[in-house]
Amino acid sequence: MGAVVADDGPSGVKAPDGGWGWAVLFGCFIITGFSYAFPKAVSVFFKELIREFDIGYSDTAWISSILLAMLYGTGPLCSVCVNRFGCRPVMLVGGLFASMGMVIASFCTSIIQIYLTAGVITGLGLALNFQPSLIMLNRYFDKRRPLANGLSAAGSPVFLCALSPLGQILQHEYGWRGGFLILGGMLLNCCVCGALMRPLEPPKKSEAAKEPAEKKAKKKLLDFSVFKDGGFIIYTLAASIMVLGLFVPPVFVVSYAKDLKYPDTKAAFLLTILGFIDIFARPICGMIAGLKWVRPRCVYLFSFAMIFNGFTDLMGSMSVDYGGLVVFCIFFGISYGMVGALQFEVLMAIVGTQKFSSAIGLVLLAEAMAVLIGPPSAGKLLDATGRYMFVFIIAGVEVTTSALVLALGNFFCIKKKSEEPHTKEEAAEREELNKCEDKTPEDAKVDSIEVEQFLKDEPEKNGEVVTNPETCV
């Protein structure tokens, strides 16, 4: 779990680490931006929806919740679709779904219809784009993968800073119906990003090599064997605990500032500060994670990022004025960006390329439950106590706990396990290797002569004879 898995990809092709991979990275940047920023950007239209349908704020907030729930909860479905049809077709269909949901929502006459269109259909479309884009990024990048993950993750804060002001302009000029229609048209760009996901072509194989390939079992639509990997289980548990508190501070920091009697514009500016810092934190963290000494220990860097984030929440709970909240947003933006840049990089390192498509779907499903529980439970705590301090403390404790689960689980359960032979056969192989290392050069020479003579005597049993004894051994 602590080391990077060397994997050439399911098609047997090595990741090019460049070339068309940069186009794939650009597409992943756009998709990540839409997936994470869109549920927050839609909240700009909530006031008009409240007036239009005579409902409460909690009713409109369900639109964002459903979008996020679809993005996380449909992970296994996306994995099955990708393993069955491939990344590009799934993303093209997802782009159409995302656009269609917003376009239909612009003609809705009740909030329930908006839940089904802007919530379920658009959310499903974004999910069918987000997961395959990460899978393709994993296939195109290996040595530069941490940097690629950091750059693609930067799409989230960039789009958040762009879509929120754009949504306000669209609402002012065209109303919520016109705004939904235009945003639906913008989501068609997901189809363009899907078209960029060109599959890697396998090398041409000889006829002799084709036969073993045909005998291979069909690829599983959802590979549950990842649960046999202790590293994956520890990561999933830690990620689920982390998500309980990770998204709480950004949701409540603006309300916290308003509660301290600061103007709405000044309070909203806190998110702008957070997003601006986040834009630079993600690619920089990706570059650091790609360093030769750091990359094999990437899981510990991820644990540090979570501890940093949790400690920032605990310190933020003591803020009593606007200056304190600004400092909190700066440090939260750094730590939040680090977590965003590393979370999928660490998962890729744990499971490898072949199982990543199934692993990410199962992890997102586990996180979906935590996403639905986290912010609402924090809201209930706020209603009960009336103090934001306790909300930030609980969030900090949850994120810090997840960091300890990941780091300690990796150190005690995974690292020690990999240092010792798992089975008696492995122990026997090690003993045999040690014996071979103790042999004299004369013994090695005799062994190579015997092997060469054996190959010459029985060519039919061994197929094509390779005359180089070293290659045969």
# chains A, B, ... in the order shown; residues from 1 in each chain; ligands from 1

call {"tool": "residues_around", "arguments": {"residues": "Ile393 of chain A", "least_positions_apart": "5", "cutoff": "8 Å", "atoms": "only C-alpha atoms", "output": "list in words"}}
result
Asp313, Leu314 and Ser317 of chain A

call {"tool": "write_last_selection", "arguments": {"atoms": "N, CA, C and O atoms", "output": "PDB file, in the first residue's frame"}}
result
ATOM      1  N   ASP A 313      -9.253  22.723  10.929  1.00  0.00           N
ATOM      2  CA  ASP A 313     -10.640  22.818  11.413  1.00  0.00           C
ATOM      3  C   ASP A 313     -10.676  23.118  12.907  1.00  0.00           C
ATOM      4  O   ASP A 313     -11.480  23.940  13.369  1.00  0.00           O
ATOM      5  N   LEU A 314      -9.822  22.442  13.674  1.00  0.00           N
ATOM      6  CA  LEU A 314      -9.794  22.642  15.122  1.00  0.00           C
ATOM      7  C   LEU A 314      -9.373  24.069  15.467  1.00  0.00           C
ATOM      8  O   LEU A 314      -9.931  24.692  16.378  1.00  0.00           O
ATOM      9  N   SER A 317     -12.139  26.642  14.694  1.00  0.00           N
ATOM     10  CA  SER A 317     -13.238  26.710  15.663  1.00  0.00           C
ATOM     11  C   SER A 317     -13.027  27.818  16.691  1.00  0.00           C
ATOM     12  O   SER A 317     -13.967  28.248  17.360  1.00  0.00           O
TER      13      SER A 317
END

call {"tool": "residues_around", "arguments": {"residues": "segment 374-389 of chain A", "least_positions_apart": "2", "cutoff": "10 Å", "atoms": "only C-alpha atoms", "output": "ChimeraX atom specification"}}
result
/A:65,241-249,251-253,255-256,259,313-320,369-372,391-395,398

call {"tool": "select_by_dssp", "arguments": {"residues": "segment 95-240 of chain A", "states": "alpha helix (DSSP H)", "output": "NGL selection string"}}
result
:A and (95-105 or 111-114 or 122-140 or 145-153 or 155-186 or 189-195 or 207-215 or 230-240)

call {"tool": "closest_residue", "arguments": {"among": "A:Leu365, A:Gly194, A:Leu406, A:Leu274", "to": "Val299 of chain A", "atoms": "only C-alpha atoms"}}
result
A:Leu406

call {"tool": "atom_distance", "arguments": {"atom1": "atom CA of Cys78 of chain A", "atom2": "atom CA of Gly185 of chain A"}}
result
23.1 Å

call {"tool": "atom_distance", "arguments": {"atom1": "atom CA of Val44 of chain A", "atom2": "atom CA of Gly310 of chain A"}}
result
28.5 Å

call {"tool": "atom_distance", "arguments": {"atom1": "atom CA of Met338 of chain A", "atom2": "atom CA of Asn129 of chain A"}}
result
23.0 Å

call {"tool": "closest_atom_pairs", "arguments": {"of": "segment 34-107 of chain A", "to": "segment 223-235 of chain A", "cutoff": "10 Å", "atoms": "only C-alpha atoms", "output": "JSON lines"}}
result
{"residue": "A:Pro76", "atom": "CA", "partner": "A:Asp223", "partner_atom": "CA", "distance": 9.8}
{"residue": "A:Ser79", "atom": "CA", "partner": "A:Asp223", "partner_atom": "CA", "distance": 9.1}
{"residue": "A:Val80", "atom": "CA", "partner": "A:Asp223", "partner_atom": "CA", "distance": 9.1}
{"residue": "A:Asn83", "atom": "CA", "partner": "A:Asp223", "partner_atom": "CA", "distance": 9.6}

call {"tool": "closest_residue", "arguments": {"among": "A:Leu163, A:Ala257, A:Met306, A:Leu347", "to": "Phe328 of chain A", "atoms": "only C-alpha atoms"}}
result
A:Ala257
